[in-house]
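Dropping upload.cif in here (mmCIF, C-alpha atoms):
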```
data_run
loop_
_atom_site.label_atom_id
_atom_site.label_comp_id
_atom_site.auth_asym_id
_atom_site.auth_seq_id
_atom_site.Cartn_x
_atom_site.Cartn_y
_atom_site.Cartn_z
CA MET A 1 -65.22 -92.13 136.73
CA LYS A 2 -66.97 -89.51 138.80
CA ARG A 3 -66.75 -89.72 142.57
CA LYS A 4 -69.75 -90.19 144.80
CA TYR A 5 -69.77 -87.72 147.62
CA LEU A 6 -70.70 -88.68 151.17
CA GLN A 7 -71.56 -85.60 153.24
CA TRP A 8 -72.42 -84.93 156.86
CA PHE A 9 -74.12 -81.70 157.88
CA ALA A 10 -71.04 -79.52 158.22
CA PRO A 11 -69.86 -78.43 160.62
CA VAL A 12 -72.18 -80.54 162.79
CA LEU A 13 -71.27 -78.98 166.12
CA ALA A 14 -71.47 -75.37 164.94
CA LEU A 15 -74.80 -75.95 163.21
CA GLY A 16 -76.23 -77.72 166.23
CA LEU A 17 -75.25 -74.85 168.51
CA PHE A 18 -76.70 -72.33 166.05
CA LEU A 19 -80.02 -74.11 165.81
CA GLN A 20 -80.18 -74.53 169.57
CA SER A 21 -79.54 -70.80 170.06
CA CYS A 22 -82.38 -70.02 167.69
CA GLY A 23 -84.77 -72.36 169.48
CA SER A 24 -85.05 -74.72 166.51
CA SER A 25 -86.41 -78.23 166.76
CA GLU A 26 -84.25 -79.40 163.84
CA THR A 27 -81.91 -81.36 166.15
CA SER A 28 -81.84 -82.19 169.84
CA GLU A 29 -79.32 -83.66 172.23
CA GLY A 30 -78.61 -87.30 171.50
CA GLU A 31 -80.37 -87.18 168.16
CA GLU A 32 -78.38 -88.51 165.22
CA VAL A 33 -77.61 -86.10 162.41
CA ALA A 34 -78.66 -87.44 159.02
CA VAL A 35 -76.15 -88.66 156.48
CA ALA A 36 -77.02 -88.53 152.81
CA VAL A 37 -75.29 -90.10 149.86
CA GLY A 38 -75.42 -87.72 146.92
CA ALA A 39 -75.85 -88.67 143.28
CA GLU A 40 -72.74 -88.57 141.13
CA ILE A 41 -72.19 -84.86 141.61
CA GLU A 42 -70.21 -83.44 138.71
CA LYS A 43 -69.27 -80.18 140.44
CA PRO A 44 -69.55 -80.26 144.24
CA GLN A 45 -67.93 -76.87 144.92
CA LEU A 46 -70.25 -74.06 143.88
CA THR A 47 -70.49 -70.30 144.22
CA PHE A 48 -73.89 -68.63 144.09
CA GLY A 49 -74.85 -64.95 144.06
CA PHE A 50 -77.67 -62.96 145.58
CA ILE A 51 -78.89 -59.41 146.20
CA LYS A 52 -79.63 -58.35 149.78
CA LEU A 53 -83.37 -58.97 149.82
CA THR A 54 -85.47 -61.23 152.03
CA ASP A 55 -86.51 -63.34 149.05
CA MET A 56 -82.98 -64.73 148.82
CA ALA A 57 -83.98 -66.73 151.90
CA PRO A 58 -84.06 -70.21 150.27
CA LEU A 59 -80.35 -69.90 149.51
CA ALA A 60 -79.48 -68.83 153.06
CA ILE A 61 -81.62 -71.56 154.62
CA ALA A 62 -80.33 -74.31 152.32
CA LYS A 63 -76.82 -73.39 153.39
CA GLU A 64 -77.37 -72.72 157.10
CA LEU A 65 -79.52 -75.82 157.73
CA GLY A 66 -77.22 -78.13 155.78
CA TYR A 67 -79.57 -78.94 152.89
CA PHE A 68 -76.81 -78.30 150.33
CA GLU A 69 -74.46 -80.53 152.31
CA ASP A 70 -77.11 -83.25 152.37
CA GLU A 71 -76.82 -83.34 148.58
CA GLY A 72 -73.02 -83.47 148.53
CA LEU A 73 -72.57 -79.78 147.69
CA TYR A 74 -70.07 -77.31 149.14
CA VAL A 75 -71.71 -73.94 148.50
CA THR A 76 -70.39 -70.41 148.92
CA ILE A 77 -72.96 -67.61 148.75
CA GLU A 78 -71.81 -64.12 147.81
CA ALA A 79 -73.74 -60.83 147.94
CA GLN A 80 -73.64 -58.89 144.66
CA SER A 81 -73.74 -55.13 144.13
CA ASN A 82 -76.58 -54.92 141.60
CA TRP A 83 -78.70 -56.97 139.22
CA LYS A 84 -76.54 -56.27 136.16
CA ASN A 85 -73.53 -57.62 138.02
CA VAL A 86 -75.53 -60.75 138.92
CA LEU A 87 -76.47 -61.34 135.29
CA ASP A 88 -72.99 -60.73 133.90
CA ARG A 89 -71.24 -62.95 136.45
CA VAL A 90 -73.57 -65.90 135.80
CA ILE A 91 -73.21 -65.54 132.03
CA ASP A 92 -69.42 -65.22 132.31
CA GLY A 93 -69.16 -68.28 134.56
CA GLU A 94 -67.89 -66.40 137.62
CA LEU A 95 -71.00 -67.60 139.47
CA ASP A 96 -72.44 -71.09 139.06
CA GLY A 97 -75.93 -69.75 139.68
CA SER A 98 -77.78 -66.95 141.38
CA HIS A 99 -80.90 -65.49 142.94
CA MET A 100 -82.18 -63.44 140.03
CA LEU A 101 -85.05 -61.33 138.79
CA ALA A 102 -87.53 -63.52 136.89
CA GLY A 103 -87.28 -61.20 133.92
CA GLN A 104 -83.51 -61.53 133.58
CA PRO A 105 -83.20 -65.03 132.10
CA ILE A 106 -86.31 -64.34 130.03
CA ALA A 107 -84.95 -61.11 128.56
CA ALA A 108 -81.59 -62.80 127.93
CA GLY A 109 -83.36 -65.34 125.73
CA ALA A 110 -85.97 -63.04 124.18
CA GLY A 111 -83.85 -60.33 122.61
CA PHE A 112 -83.73 -57.54 125.21
CA GLY A 113 -80.38 -56.62 126.74
CA ARG A 114 -77.42 -58.97 126.91
CA GLN A 115 -78.26 -62.27 125.23
CA ALA A 116 -77.39 -65.68 126.68
CA GLU A 117 -78.88 -69.14 127.21
CA LEU A 118 -80.03 -69.11 130.83
CA VAL A 119 -82.45 -71.46 132.54
CA THR A 120 -84.39 -71.62 135.78
CA PRO A 121 -85.49 -74.88 137.41
CA PHE A 122 -86.72 -73.19 140.58
CA SER A 123 -89.04 -70.29 141.43
CA MET A 124 -87.86 -68.75 144.69
CA ASP A 125 -91.02 -67.11 146.01
CA LEU A 126 -94.37 -65.43 145.50
CA ASN A 127 -95.17 -61.80 146.37
CA GLY A 128 -92.71 -59.87 148.57
CA ASN A 129 -92.60 -56.41 146.93
CA GLY A 130 -94.16 -53.08 147.83
CA ILE A 131 -94.65 -49.60 146.41
CA THR A 132 -93.56 -46.82 148.77
CA VAL A 133 -93.91 -43.04 148.45
CA SER A 134 -92.31 -40.19 150.37
CA ASN A 135 -94.07 -38.68 153.36
CA ASP A 136 -94.83 -35.53 151.35
CA VAL A 137 -96.41 -37.47 148.50
CA TRP A 138 -98.40 -39.59 150.95
CA ALA A 139 -99.75 -36.46 152.64
CA LYS A 140 -101.05 -35.33 149.24
CA MET A 141 -102.37 -38.80 148.29
CA LYS A 142 -104.12 -39.54 151.57
CA PRO A 143 -107.16 -37.27 151.09
CA ASN A 144 -107.88 -39.18 147.85
CA VAL A 145 -107.87 -42.60 149.56
CA PRO A 146 -111.19 -44.03 150.82
CA LYS A 147 -111.30 -44.71 154.56
CA GLY A 148 -112.97 -47.45 156.53
CA ALA A 149 -115.10 -47.15 159.66
CA ASP A 150 -111.91 -47.23 161.74
CA GLY A 151 -110.60 -44.17 159.90
CA LYS A 152 -107.77 -46.12 158.28
CA PRO A 153 -107.17 -46.24 154.51
CA ILE A 154 -109.01 -48.99 152.66
CA HIS A 155 -106.65 -51.33 150.85
CA PRO A 156 -105.71 -51.98 148.15
CA ILE A 157 -104.79 -48.37 147.45
CA LYS A 158 -104.94 -47.75 143.73
CA ALA A 159 -102.81 -45.30 141.78
CA ASP A 160 -105.96 -43.22 141.20
CA ALA A 161 -105.08 -41.54 144.50
CA LEU A 162 -101.67 -40.60 143.09
CA LYS A 163 -102.95 -39.23 139.78
CA PRO A 164 -103.85 -35.69 141.02
CA VAL A 165 -100.50 -35.49 142.82
CA ILE A 166 -98.67 -36.25 139.58
CA GLN A 167 -100.75 -33.58 137.85
CA GLU A 168 -99.83 -31.08 140.57
CA TYR A 169 -96.15 -31.74 139.99
CA LYS A 170 -96.65 -31.46 136.23
CA ASN A 171 -98.47 -28.13 136.58
CA GLY A 172 -95.52 -26.89 138.59
CA GLY A 173 -93.10 -27.90 135.84
CA LYS A 174 -91.66 -30.68 137.98
CA PRO A 175 -91.45 -34.22 136.56
CA PHE A 176 -92.67 -36.95 138.91
CA LYS A 177 -89.85 -39.43 139.47
CA MET A 178 -90.05 -42.95 140.87
CA GLY A 179 -87.56 -45.78 141.21
CA MET A 180 -87.51 -49.48 140.39
CA VAL A 181 -84.64 -51.93 140.56
CA PHE A 182 -83.97 -52.99 136.95
CA PRO A 183 -85.58 -52.64 133.49
CA VAL A 184 -86.66 -56.31 133.41
CA SER A 185 -87.52 -56.59 137.10
CA THR A 186 -90.89 -57.61 138.45
CA HIS A 187 -90.77 -54.24 140.23
CA ASN A 188 -90.67 -52.37 136.92
CA TYR A 189 -93.62 -54.29 135.53
CA GLU A 190 -95.60 -54.10 138.79
CA ILE A 191 -95.24 -50.36 139.24
CA ARG A 192 -96.08 -49.88 135.55
CA TYR A 193 -99.13 -52.11 135.92
CA TRP A 194 -100.28 -50.24 139.04
CA LEU A 195 -99.86 -46.83 137.38
CA ALA A 196 -101.41 -47.82 134.03
CA ALA A 197 -104.45 -49.34 135.77
CA ALA A 198 -105.24 -45.77 136.89
CA GLY A 199 -104.66 -44.27 133.44
CA ILE A 200 -101.16 -43.03 134.29
CA ASN A 201 -98.70 -43.66 131.44
CA PRO A 202 -95.42 -45.08 132.81
CA GLY A 203 -93.66 -44.66 129.46
CA PHE A 204 -92.46 -46.84 126.60
CA TYR A 205 -89.11 -48.29 125.59
CA THR A 206 -87.69 -47.71 122.12
CA ALA A 207 -84.31 -48.32 120.52
CA ASP A 208 -83.53 -44.64 121.14
CA ASN A 209 -84.96 -44.48 124.67
CA ILE A 210 -83.70 -47.39 126.72
CA GLN A 211 -84.92 -45.64 129.90
CA GLY A 212 -88.51 -46.43 128.90
CA GLN A 213 -89.72 -42.84 129.30
CA ILE A 214 -91.41 -42.13 125.95
CA ASP A 215 -94.80 -40.40 126.58
CA ALA A 216 -94.34 -40.97 130.33
CA ASP A 217 -96.44 -39.27 133.01
CA VAL A 218 -94.02 -40.72 135.58
CA LEU A 219 -90.26 -40.99 134.99
CA LEU A 220 -89.05 -44.38 136.18
CA SER A 221 -85.35 -44.95 136.82
CA VAL A 222 -83.13 -47.72 138.20
CA THR A 223 -81.87 -47.74 141.79
CA PRO A 224 -80.30 -50.81 143.50
CA PRO A 225 -82.61 -52.18 146.25
CA PRO A 226 -80.49 -51.36 149.34
CA GLN A 227 -80.11 -47.77 148.12
CA MET A 228 -83.84 -47.10 147.71
CA PRO A 229 -84.53 -45.57 151.16
CA ALA A 230 -81.52 -43.22 150.98
CA THR A 231 -82.45 -42.13 147.44
CA LEU A 232 -86.00 -41.40 148.59
CA GLU A 233 -84.77 -39.50 151.64
CA ALA A 234 -82.48 -37.39 149.44
CA GLY A 235 -85.45 -36.37 147.29
CA THR A 236 -83.96 -37.82 144.10
CA ILE A 237 -87.11 -39.92 143.68
CA TYR A 238 -90.59 -39.52 145.19
CA GLY A 239 -91.47 -43.19 145.41
CA TYR A 240 -90.28 -46.64 144.45
CA CYS A 241 -91.13 -50.30 143.99
CA VAL A 242 -88.77 -52.72 145.71
CA GLY A 243 -88.62 -55.97 147.65
CA GLU A 244 -88.26 -56.30 151.38
CA PRO A 245 -86.87 -55.16 153.70
CA TRP A 246 -86.51 -51.84 151.88
CA ASN A 247 -90.18 -50.78 152.10
CA GLN A 248 -90.28 -51.50 155.81
CA GLN A 249 -86.96 -49.70 156.19
CA ALA A 250 -88.67 -46.50 154.95
CA VAL A 251 -91.32 -46.94 157.67
CA PHE A 252 -88.68 -47.72 160.29
CA LYS A 253 -86.71 -44.58 159.36
CA GLY A 254 -89.85 -42.44 159.13
CA ILE A 255 -89.11 -41.27 155.59
CA GLY A 256 -91.88 -42.93 153.56
CA VAL A 257 -95.13 -44.88 153.47
CA PRO A 258 -95.77 -48.14 151.57
CA VAL A 259 -99.11 -47.69 149.78
CA THR A 260 -99.57 -51.14 148.24
CA THR A 261 -97.89 -54.52 147.89
CA ASN A 262 -97.53 -56.63 144.80
CA TYR A 263 -99.88 -59.13 146.45
CA ASP A 264 -102.60 -56.56 145.70
CA VAL A 265 -101.27 -55.76 142.23
CA TRP A 266 -101.34 -59.48 141.33
CA LYS A 267 -102.30 -61.93 144.05
CA ASN A 268 -99.64 -64.62 144.56
CA ASN A 269 -97.52 -63.35 141.72
CA PRO A 270 -94.17 -65.01 140.89
CA GLU A 271 -91.13 -63.11 142.10
CA LYS A 272 -87.44 -64.19 141.98
CA VAL A 273 -85.99 -67.31 140.36
CA PHE A 274 -82.78 -69.31 140.71
CA VAL A 275 -80.79 -69.20 137.48
CA MET A 276 -77.95 -71.16 135.91
CA THR A 277 -76.65 -71.25 132.36
CA LYS A 278 -78.06 -73.84 130.02
CA LYS A 279 -74.50 -75.08 129.48
CA PHE A 280 -73.99 -75.63 133.22
CA VAL A 281 -77.22 -77.65 133.54
CA GLU A 282 -76.41 -79.78 130.49
CA GLU A 283 -72.86 -80.49 131.68
CA ASN A 284 -73.82 -80.96 135.35
CA PRO A 285 -77.34 -82.44 135.42
CA ASN A 286 -76.95 -84.19 138.78
CA THR A 287 -75.54 -81.04 140.34
CA ALA A 288 -78.43 -78.96 139.01
CA LYS A 289 -80.89 -81.51 140.39
CA ALA A 290 -79.14 -81.58 143.76
CA VAL A 291 -79.22 -77.78 144.03
CA THR A 292 -82.92 -77.79 143.20
CA LYS A 293 -83.62 -80.45 145.85
CA ALA A 294 -81.91 -78.39 148.53
CA LEU A 295 -83.80 -75.23 147.53
CA ILE A 296 -87.18 -77.01 147.52
CA ARG A 297 -86.52 -78.24 151.05
CA ALA A 298 -85.54 -74.74 152.11
CA GLY A 299 -88.76 -73.32 150.69
CA LYS A 300 -90.80 -75.89 152.55
CA TRP A 301 -89.01 -75.11 155.83
CA LEU A 302 -89.54 -71.39 155.32
CA ASP A 303 -93.30 -71.72 154.92
CA ASP A 304 -93.72 -73.20 158.38
CA PRO A 305 -94.72 -70.10 160.42
CA ALA A 306 -92.93 -71.56 163.44
CA ASN A 307 -89.65 -71.24 161.53
CA ARG A 308 -90.01 -67.62 160.46
CA PRO A 309 -88.43 -66.10 163.59
CA GLN A 310 -85.35 -68.26 163.06
CA ALA A 311 -85.32 -67.29 159.37
CA VAL A 312 -85.40 -63.61 160.38
CA GLY A 313 -82.36 -64.19 162.60
CA ILE A 314 -80.48 -65.86 159.75
CA LEU A 315 -81.38 -63.18 157.20
CA SER A 316 -80.32 -60.38 159.54
CA MET A 317 -76.77 -61.77 159.58
CA PRO A 318 -74.26 -59.49 157.77
CA ASP A 319 -73.45 -62.21 155.22
CA TYR A 320 -77.06 -62.24 154.02
CA VAL A 321 -79.52 -59.30 154.07
CA GLY A 322 -77.82 -57.60 157.01
CA ALA A 323 -80.78 -55.38 157.92
CA ASP A 324 -82.09 -55.00 161.47
CA SER A 325 -84.06 -58.09 162.48
CA VAL A 326 -86.99 -55.88 163.61
CA VAL A 327 -87.26 -54.45 160.08
CA ILE A 328 -87.08 -57.89 158.44
CA ALA A 329 -89.63 -59.34 160.88
CA ASN A 330 -92.13 -56.62 159.95
CA SER A 331 -92.92 -58.44 156.70
CA MET A 332 -91.51 -61.95 157.26
CA THR A 333 -93.69 -62.96 160.19
CA GLY A 334 -97.19 -62.56 158.73
CA THR A 335 -97.67 -58.79 158.93
CA PHE A 336 -96.89 -55.72 156.86
CA GLU A 337 -96.73 -52.13 158.09
CA PHE A 338 -98.04 -49.35 155.88
CA GLU A 339 -98.36 -45.91 157.47
CA LYS A 340 -96.39 -45.96 160.72
CA GLY A 341 -98.48 -47.81 163.29
CA ASP A 342 -100.82 -49.26 160.64
CA LYS A 343 -99.59 -52.84 160.78
CA ARG A 344 -101.90 -55.34 159.09
CA GLU A 345 -102.12 -59.10 158.94
CA MET A 346 -100.65 -60.34 155.67
CA PRO A 347 -99.74 -64.01 156.04
CA ASP A 348 -99.06 -64.49 152.32
CA PHE A 349 -96.83 -61.48 151.81
CA ASN A 350 -93.83 -63.84 151.58
CA VAL A 351 -94.60 -67.31 150.20
CA PHE A 352 -91.75 -69.74 149.57
CA TYR A 353 -93.45 -73.12 149.09
CA LYS A 354 -97.25 -73.30 149.30
CA TYR A 355 -99.39 -72.68 146.22
CA ASN A 356 -96.67 -74.59 144.28
CA ALA A 357 -94.46 -71.52 144.67
CA THR A 358 -91.23 -73.35 143.79
CA TYR A 359 -92.48 -74.81 140.48
CA PRO A 360 -91.36 -72.84 137.39
CA PHE A 361 -94.69 -72.45 135.58
CA TYR A 362 -94.53 -71.51 131.90
CA SER A 363 -97.48 -69.19 132.41
CA ASP A 364 -95.51 -67.14 134.94
CA GLY A 365 -92.74 -66.63 132.40
CA VAL A 366 -95.17 -65.80 129.61
CA TRP A 367 -96.62 -62.99 131.75
CA PHE A 368 -93.20 -61.34 131.85
CA LEU A 369 -92.92 -61.69 128.08
CA THR A 370 -96.30 -59.95 127.68
CA GLN A 371 -95.09 -57.04 129.80
CA MET A 372 -91.88 -56.75 127.80
CA ARG A 373 -94.01 -56.51 124.67
CA ARG A 374 -96.56 -54.19 126.30
CA TRP A 375 -93.92 -51.59 127.16
CA GLY A 376 -91.77 -51.90 124.04
CA GLN A 377 -88.81 -53.89 125.31
CA ILE A 378 -89.82 -56.43 122.69
CA PRO A 379 -90.29 -53.94 119.83
CA GLU A 380 -91.98 -56.12 117.23
CA GLU A 381 -95.23 -58.04 117.10
CA LYS A 382 -94.85 -61.72 117.97
CA PRO A 383 -97.19 -64.64 117.19
CA LYS A 384 -98.84 -66.59 119.99
CA GLU A 385 -96.56 -69.59 119.43
CA TRP A 386 -93.42 -67.50 120.03
CA TYR A 387 -94.35 -66.91 123.66
CA ASP A 388 -94.70 -70.62 124.42
CA GLU A 389 -91.61 -71.68 122.49
CA THR A 390 -89.46 -68.97 124.05
CA ILE A 391 -90.38 -69.76 127.64
CA ARG A 392 -89.92 -73.52 127.22
CA ASP A 393 -86.23 -72.89 126.49
CA ILE A 394 -85.83 -70.95 129.76
CA TYR A 395 -88.17 -72.38 132.40
CA ARG A 396 -87.22 -75.98 133.21
CA PRO A 397 -89.93 -77.83 135.16
CA ASP A 398 -88.31 -81.09 134.01
CA VAL A 399 -85.36 -80.44 136.34
CA TRP A 400 -87.72 -79.43 139.15
CA LEU A 401 -89.75 -82.64 138.72
CA LYS A 402 -86.70 -84.89 138.92
CA ALA A 403 -85.65 -83.15 142.12
CA ALA A 404 -89.12 -83.19 143.65
CA ASN A 405 -89.73 -86.84 142.81
CA GLU A 406 -86.51 -87.80 144.58
CA LEU A 407 -87.59 -85.78 147.62
CA VAL A 408 -90.90 -87.65 147.64
CA ALA A 409 -89.07 -90.99 147.47
CA GLU A 410 -86.87 -89.87 150.37
CA GLY A 411 -89.91 -88.87 152.41
CA LYS A 412 -88.92 -85.20 152.54
CA ILE A 413 -91.98 -83.77 150.79
CA PRO A 414 -95.44 -85.30 150.26
CA ALA A 415 -96.41 -86.53 146.80
CA GLU A 416 -99.43 -84.19 146.72
CA ASP A 417 -97.02 -81.23 146.66
CA ILE A 418 -96.15 -82.06 143.04
CA PRO A 419 -98.65 -80.25 140.80
CA GLU A 420 -100.48 -82.02 138.00
CA THR A 421 -99.99 -79.47 135.25
CA ASP A 422 -98.97 -78.90 131.65
CA GLY A 423 -96.93 -75.97 132.90
CA TYR A 424 -99.74 -73.44 132.65
CA LYS A 425 -101.86 -72.17 135.52
CA SER A 426 -105.58 -71.62 135.09
CA PRO A 427 -106.62 -68.14 133.92
CA THR A 428 -106.85 -65.63 136.75
CA ALA A 429 -108.38 -62.18 137.28
CA ASP A 430 -106.54 -61.62 140.59
CA PHE A 431 -105.10 -58.31 139.43
CA ILE A 432 -105.73 -54.82 140.79
CA ASP A 433 -107.69 -53.91 137.64
CA GLY A 434 -109.57 -57.23 137.38
CA VAL A 435 -108.22 -58.04 133.90
CA THR A 436 -108.07 -61.80 133.25
CA TYR A 437 -104.70 -63.30 132.36
CA ASP A 438 -104.51 -66.55 130.40
CA GLY A 439 -100.92 -67.61 129.69
CA LYS A 440 -102.10 -69.57 126.65
CA ASP A 441 -103.57 -66.43 125.08
CA PRO A 442 -100.89 -63.73 125.36
CA ILE A 443 -102.13 -61.80 122.33
CA GLY A 444 -105.68 -61.61 123.65
CA TYR A 445 -104.35 -60.55 127.04
CA LEU A 446 -102.39 -57.64 125.58
CA SER A 447 -105.50 -56.40 123.74
CA ASN A 448 -107.26 -55.76 127.06
CA PHE A 449 -105.19 -52.72 128.08
CA ALA A 450 -105.90 -49.10 127.25
CA ILE A 451 -102.21 -48.24 127.69
CA GLY A 452 -99.59 -50.44 126.05
CA ASN A 453 -98.62 -52.12 122.76
CA LYS A 454 -101.11 -54.52 121.21
CA ASP A 455 -100.53 -57.28 118.66
#
```
This entry written out as structure tokens:
Amino acid sequence: MKRKYLQWFAPVLALGLFLQSCGSSETSEGEEVAVAVGAEIEKPQLTFGFIKLTDMAPLAIAKELGYFEDEGLYVTIEAQSNWKNVLDRVIDGELDGSHMLAGQPIAAGAGFGRQAELVTPFSMDLNGNGITVSNDVWAKMKPNVPKGADGKPIHPIKADALKPVIQEYKNGGKPFKMGMVFPVSTHNYEIRYWLAAAGINPGFYTADNIQGQIDADVLLSVTPPPQMPATLEAGTIYGYCVGEPWNQQAVFKGIGVPVTTNYDVWKNNPEKVFVMTKKFVEENPNTAKAVTKALIRAGKWLDDPANRPQAVGILSMPDYVGADSVVIANSMTGTFEFEKGDKREMPDFNVFYKYNATYPFYSDGVWFLTQMRRWGQIPEEKPKEWYDETIRDIYRPDVWLKAANELVAEGKIPAEDIPETDGYKSPTADFIDGVTYDGKDPIGYLSNFAIGNKD
């Protein structure tokens, strides 16, 4: 018979002092700390992984504010060296779950790269990435960018401004090199989308060219996120697409200029997900639900602007992102800095809860499948039904709904925060090129692009 776990926020005193030092209103003197009785938790001691990016925040917050403990979970969170390591350690059972690129569980179930049965019950955030170029490239791009009455560049900046720079490099016999974080990362698909929208071919994947550089005007290569600024500064690459704080770090160091964010490539696009193996979820359903509950609460807490300064302080800790709090705050507190001194209001650059950000929509996953097919990672034509069937094995809104409904019953989230949906969002044209995406028509969507595979 499985035990029921009774958990206090732990350690109560240390957490209370931490919150007080951060100016939080979570607890106050004389206020009782909540006690929660967990469900029959099958595996209370868990180890989760993450990469040092600000969008790992729900994990850090769920741990630091005691949301995992509320659910009867003892969680250890470990930074990982790169995305391949994250994937391998979850598949091999060394990690019980992890912050992961949305494309990783999808690719693992769709035939690209290492295959495994992985699932996600929780979408960690929307937006959060940027595309940065070196100072030299920006100096060459800038004359091609329209300016407003204030003399500042008009955003969004399209890759049309980069096209003559790439041609200049090509004429000089020098390939134009840019970085992204992983072949199935949102960053890879976003930088490809941005380039292709301007008629710049980012290259195709084949069985013989796993770098995805066939017919490429720009050579894209993999660099781990924390290493992006140093790689740019060394001149190994001339630009990159990465999550925060590594775009703002380039501004802070004076080595590069962010030219666009993924909010402008695809408004309120899905970003990272929390992933476990299908086997783990089937064997530990209450544990999976409890983890999801804690993460939903963390997302909700994060989207209160009053909490962002405290979140910045937590993320700047060495055990989490470990970057300077000033750099993290540049994008986590409602602004984003492009050219040095050109800081703009961008309240939705990091979204963790609103717009149903935590719900794992099938349509989000199908978009990644279309990009895998567009660029040749899925080499063969697939019927429409394949996209829906494939994503239903990976994205698990059923787990999310069980967790969310319990939170509603406990009074921790309002009932209206649960979307009424069949798992698919309405069609949207909120892309930098204005092309409409309908997750229920992946074949028709692929036919809209001048560059890319079509079925």
Skip Asn82 in chain A itself and residues of its chain fewer than 2 positions away, then list as a list of chain:residue names all residues within 7 Å of it, counting all atoms listed in the file.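 With the cut-off at 7 Å, the set is A:Ile51, A:Gln80, A:Lys84, A:Asn85, A:Val86, A:Pro224.
The list of residues with at least one atom within 8 Å of range 160-174 of chain A, based on all atoms listed in the file and without residues fewer than 3 positions apart in the same chain, reads A:Val137, A:Lys140, A:Met141, A:Lys142, A:Asn144, A:Val145, A:Ile157, A:Ala198, A:Gly199, A:Ile200, A:Asp217, A:Val218.
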Would you write out those residues with C-alpha atoms, as a short mmCIF file (atom, residue, chain, number, x, y, z; two decimals), in the coordinates of the input?
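So the final result, stored in selection12.cif, reads:
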```cif
data_model
loop_
_atom_site.label_atom_id
_atom_site.label_comp_id
_atom_site.auth_asym_id
_atom_site.auth_seq_id
_atom_site.Cartn_x
_atom_site.Cartn_y
_atom_site.Cartn_z
CA VAL A 137 -96.41 -37.47 148.50
CA LYS A 140 -101.05 -35.33 149.24
CA MET A 141 -102.37 -38.80 148.29
CA LYS A 142 -104.12 -39.54 151.57
CA ASN A 144 -107.88 -39.18 147.85
CA VAL A 145 -107.87 -42.60 149.56
CA ILE A 157 -104.79 -48.37 147.45
CA ALA A 198 -105.24 -45.77 136.89
CA GLY A 199 -104.66 -44.27 133.44
CA ILE A 200 -101.16 -43.03 134.29
CA ASP A 217 -96.44 -39.27 133.01
CA VAL A 218 -94.02 -40.72 135.58
#
```
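The space separating CA of Asn405 in chain A from CA of Asp417 in chain A comes to 10.0 Å.
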Could you check how far CA of Asn127 in chain A sits from CA of Ala415 in chain A, in Å to one decimal?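 Between CA of Asn127 in chain A and CA of Ala415 in chain A the gap is 24.8 Å.
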Just want the 10 Å neighbourhood of Leu118 in chain A, counted on only C-alpha atoms, with same-chain residues fewer than 4 positions away dropped. Output as a list in words. Leu87, Val90, Ile91, Gly97, Gln104, Pro105, Ile106, Ala107, Ala108, Gly109, Val275, Met276, Thr277, Lys278, Lys279, Phe280, Val281, Asp393, Ile394 and Tyr395 of chain A
Selected residues written out, C-alpha atoms, as a PDB file, keeping the file's coordinate frame:
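So result_9.pdb came out as:
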```pdb
ATOM      1  CA  LEU A  87     -76.470 -61.340 135.290  1.00  0.00           C
ATOM      2  CA  VAL A  90     -73.570 -65.900 135.800  1.00  0.00           C
ATOM      3  CA  ILE A  91     -73.210 -65.540 132.030  1.00  0.00           C
ATOM      4  CA  GLY A  97     -75.930 -69.750 139.680  1.00  0.00           C
ATOM      5  CA  GLN A 104     -83.510 -61.530 133.580  1.00  0.00           C
ATOM      6  CA  PRO A 105     -83.200 -65.030 132.100  1.00  0.00           C
ATOM      7  CA  ILE A 106     -86.310 -64.340 130.030  1.00  0.00           C
ATOM      8  CA  ALA A 107     -84.950 -61.110 128.560  1.00  0.00           C
ATOM      9  CA  ALA A 108     -81.590 -62.800 127.930  1.00  0.00           C
ATOM     10  CA  GLY A 109     -83.360 -65.340 125.730  1.00  0.00           C
ATOM     11  CA  VAL A 275     -80.790 -69.200 137.480  1.00  0.00           C
ATOM     12  CA  MET A 276     -77.950 -71.160 135.910  1.00  0.00           C
ATOM     13  CA  THR A 277     -76.650 -71.250 132.360  1.00  0.00           C
ATOM     14  CA  LYS A 278     -78.060 -73.840 130.020  1.00  0.00           C
ATOM     15  CA  LYS A 279     -74.500 -75.080 129.480  1.00  0.00           C
ATOM     16  CA  PHE A 280     -73.990 -75.630 133.220  1.00  0.00           C
ATOM     17  CA  VAL A 281     -77.220 -77.650 133.540  1.00  0.00           C
ATOM     18  CA  ASP A 393     -86.230 -72.890 126.490  1.00  0.00           C
ATOM     19  CA  ILE A 394     -85.830 -70.950 129.760  1.00  0.00           C
ATOM     20  CA  TYR A 395     -88.170 -72.380 132.400  1.00  0.00           C
TER      21      TYR A 395
END
```
How close does each residue of range 136-239 of chain A get to range 375-385 of chain A, giving the shortest atom pair and distance in Å to one decimal for every residue with an atom at most 7 Å away, counting all atoms listed in the file, sorted by chain and residue number, as a Markdown table?
```
| residue | atom | partner | partner_atom | distance |
| --- | --- | --- | --- | --- |
| A:Phe204 | CA | A:Trp375 | CA | 5.0 |
| A:Tyr205 | CA | A:Gly376 | CA | 4.7 |
| A:Thr206 | CA | A:Gly376 | CA | 6.2 |
```
Can I get the selected residues back with C-alpha atoms, as an mmCIF file, keeping the file's coordinate frame?
```cif
data_model
loop_
_atom_site.group_PDB
_atom_site.id
_atom_site.type_symbol
_atom_site.label_atom_id
_atom_site.label_comp_id
_atom_site.auth_asym_id
_atom_site.auth_seq_id
_atom_site.Cartn_x
_atom_site.Cartn_y
_atom_site.Cartn_z
ATOM 1 C CA PHE A 204 -92.460 -46.840 126.600
ATOM 2 C CA TYR A 205 -89.110 -48.290 125.590
ATOM 3 C CA THR A 206 -87.690 -47.710 122.120
#
```
